[in-house]
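Notes follow once the structure below has been shown.
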Amino acid sequence: MVREQYTTVTEGTHIERPENQHVYKIGIYGWRKRCLYLFVLLLLIILVVNLALTIWILKVMWFSPDSSLLLQSTQNVTVNARNSEGEVTGRLKVGPQMVEVQSQHFQIRSEDGKPLFTTDEQGVTVSTGRLRVTGPEGAIFEHSVETPLVRADPFEDLRLESPTRSLSMDAPRGVHIKAHTGKMEALSQMDVILQSSDGVLVLDAETVGLPKLEQGTPGPSGSSEGFYEICVCPDGKLYLSAADEATTCEEHSHICL
């Protein structure tokens, strides 16, 4: 670049011009220019390689805004959650045999955010309106079960069974068993015991039938045919005795022996 000087003079004025004109060159020349071009070319190569690797990873991992995220492994897939100190606070492990979740609190929610299933060290909570068990063997509980209601589906039977041990239902304020339209049966191979420690046993019905009570021998011919009285042994055993004008239980008390 040539630096030029301009001077305004009047007519008749003699101006001496400098003999030597200095030229200053601005820019990068020589080996510096070649290094700069090489550096820019290297950056372009790195950019192209990174872009190609990114596209390849997206294609191999099937990343797409229009499809779900798919994680595959021939052994297992493990997802860990860590705190600020690097400690594992939660873990989800999907293996070939089972799915394992390790956490202090586990919860399943519905689409609208309502809790459906919650479990922690205190217990398990099922918050759905109905818990349905569809297995052929039903539900097996190794310990006690606490619930305000156990109900079968409409037109289906409800069965509570203990195949090899006893079945117990306890409530401090009473146990109510009611059949609205059908009958209720209590079957046992051994004894059926109805016991009340402080109250009474009430059989409130129009007819109380005891069809298999042991009967005493028929009374004399003058006794009322077809009528019996119920007698009680000292041990509480009941038996029938043919009715007469007076009680006949004593005549058949040998049944109590």
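For the structure tokens, the naming scheme is as follows: chains receive sequential letters (A, B, ...) according to their order of presentation, residues are indexed from 1 within each chain, and ligands are indexed from 1 in presentation order.
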May I have all residues of range 112-255 of chain A that DSSP, computed from the backbone, assigns to helix (DSSP H, G or I), given as a list in words? Glu250, Glu251, His252, Ser253, His254 and Ile255 of chain A
Written selection (N, CA and C atoms) as a PDB file, in the first residue's frame:
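What ended up in again-v6.pdb:
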ATOM      1  N   GLU A 250     -85.938 -87.877  80.379  1.00  0.00           N
ATOM      2  CA  GLU A 250     -85.247 -88.726  81.330  1.00  0.00           C
ATOM      3  C   GLU A 250     -85.305 -90.181  80.936  1.00  0.00           C
ATOM      4  N   GLU A 251     -86.414 -90.582  80.265  1.00  0.00           N
ATOM      5  CA  GLU A 251     -86.537 -91.976  79.842  1.00  0.00           C
ATOM      6  C   GLU A 251     -85.494 -92.343  78.810  1.00  0.00           C
ATOM      7  N   HIS A 252     -85.039 -91.385  78.049  1.00  0.00           N
ATOM      8  CA  HIS A 252     -84.078 -91.668  76.980  1.00  0.00           C
ATOM      9  C   HIS A 252     -82.715 -91.042  77.280  1.00  0.00           C
ATOM     10  N   SER A 253     -82.409 -90.788  78.545  1.00  0.00           N
ATOM     11  CA  SER A 253     -81.146 -90.171  78.907  1.00  0.00           C
ATOM     12  C   SER A 253     -79.961 -91.079  78.673  1.00  0.00           C
ATOM     13  N   HIS A 254     -80.176 -92.340  78.351  1.00  0.00           N
ATOM     14  CA  HIS A 254     -79.064 -93.226  78.075  1.00  0.00           C
ATOM     15  C   HIS A 254     -78.316 -92.792  76.802  1.00  0.00           C
ATOM     16  N   ILE A 255     -78.937 -91.998  76.006  1.00  0.00           N
ATOM     17  CA  ILE A 255     -78.272 -91.504  74.802  1.00  0.00           C
ATOM     18  C   ILE A 255     -77.075 -90.623  75.177  1.00  0.00           C
TER      19      ILE A 255
END
Secondary structure check, strand (DSSP E) residues of range 116-230 of chain A, as number ranges by chain: A: 116-120, 123-126, 228-230
Shell around Gly182 in chain A at 12 Å using only C-alpha atoms, local window under 4 positions removed, as a list of chain:residue names: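 Selected residues are A:Phe155, A:Asp157, A:Lys178.
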Please save all heavy atoms of the selected residues as a PDB file, in the first residue's frame.
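What ended up in again.pdb:
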ATOM      1  N   PHE A 155     -72.769 -62.749  39.408  1.00  0.00           N
ATOM      2  CA  PHE A 155     -73.138 -64.108  38.976  1.00  0.00           C
ATOM      3  C   PHE A 155     -71.977 -65.097  39.118  1.00  0.00           C
ATOM      4  O   PHE A 155     -71.991 -66.158  38.505  1.00  0.00           O
ATOM      5  CB  PHE A 155     -73.646 -64.111  37.523  1.00  0.00           C
ATOM      6  CG  PHE A 155     -74.731 -63.118  37.263  1.00  0.00           C
ATOM      7  CD1 PHE A 155     -74.450 -61.971  36.530  1.00  0.00           C
ATOM      8  CD2 PHE A 155     -76.015 -63.299  37.752  1.00  0.00           C
ATOM      9  CE1 PHE A 155     -75.432 -61.028  36.284  1.00  0.00           C
ATOM     10  CE2 PHE A 155     -77.010 -62.367  37.512  1.00  0.00           C
ATOM     11  CZ  PHE A 155     -76.720 -61.230  36.777  1.00  0.00           C
ATOM     12  N   ASP A 157     -69.294 -67.107  42.046  1.00  0.00           N
ATOM     13  CA  ASP A 157     -69.157 -67.494  43.448  1.00  0.00           C
ATOM     14  C   ASP A 157     -67.879 -66.911  44.037  1.00  0.00           C
ATOM     15  O   ASP A 157     -66.868 -66.762  43.355  1.00  0.00           O
ATOM     16  CB  ASP A 157     -69.133 -69.023  43.590  1.00  0.00           C
ATOM     17  CG  ASP A 157     -70.452 -69.657  43.153  1.00  0.00           C
ATOM     18  OD1 ASP A 157     -71.480 -68.968  43.233  1.00  0.00           O
ATOM     19  OD2 ASP A 157     -70.430 -70.832  42.744  1.00  0.00           O
ATOM     20  N   LYS A 178     -73.728 -62.502  55.156  1.00  0.00           N
ATOM     21  CA  LYS A 178     -75.108 -62.320  54.731  1.00  0.00           C
ATOM     22  C   LYS A 178     -75.271 -62.753  53.282  1.00  0.00           C
ATOM     23  O   LYS A 178     -74.449 -62.439  52.431  1.00  0.00           O
ATOM     24  CB  LYS A 178     -75.509 -60.846  54.890  1.00  0.00           C
ATOM     25  CG  LYS A 178     -76.973 -60.565  54.619  1.00  0.00           C
ATOM     26  CD  LYS A 178     -77.291 -59.105  54.897  1.00  0.00           C
ATOM     27  CE  LYS A 178     -78.754 -58.790  54.699  1.00  0.00           C
ATOM     28  NZ  LYS A 178     -79.061 -57.365  54.955  1.00  0.00           N
TER      29      LYS A 178
END
Skip range 212-215 of chain A itself and residues of its chain fewer than 5 positions away, then list as a ChimeraX atom specification all residues within 9 Å of it, counting only C-alpha atoms. /A:228,238-242,252,255
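Shell of Asn76 in chain A at 8 Å, with only C-alpha atoms counted and residues fewer than 2 places along the chain excluded, is Ser73, Thr74, Thr78, Lys93, Val94, Gly95 and Pro96 of chain A.
Closest to Leu149 in chain A among A:His105, A:Lys33, A:Lys237, A:His176 is A:His176, based on only C-alpha atoms.
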Selection near Gln122 in chain A, 12 Å with only C-alpha atoms, sequence-local residues under 2 positions removed, as a PDB file with C-alpha atoms, in the first residue's frame:
ATOM      1  CA  GLN A 104     -36.654 -46.681  48.374  1.00  0.00           C
ATOM      2  CA  HIS A 105     -40.053 -45.995  46.852  1.00  0.00           C
ATOM      3  CA  PHE A 106     -41.678 -47.523  43.746  1.00  0.00           C
ATOM      4  CA  THR A 118     -47.185 -48.053  45.389  1.00  0.00           C
ATOM      5  CA  THR A 119     -44.674 -50.044  47.405  1.00  0.00           C
ATOM      6  CA  ASP A 120     -41.977 -49.258  49.956  1.00  0.00           C
ATOM      7  CA  VAL A 124     -47.832 -52.250  49.292  1.00  0.00           C
ATOM      8  CA  THR A 125     -50.784 -50.089  48.254  1.00  0.00           C
TER       9      THR A 125
END
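Nearest residue to Ala139 in chain A, choosing from A:Glu229, A:Gly113, A:Leu160, A:Val40 and counting only C-alpha atoms: A:Leu160.
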Proximity to Met184 in chain A - best of A:Leu158, A:Asp235, A:Ala243, A:Pro148, only C-alpha atoms: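 Using only C-alpha atoms, the shortest distance to Met184 in chain A belongs to A:Leu158.
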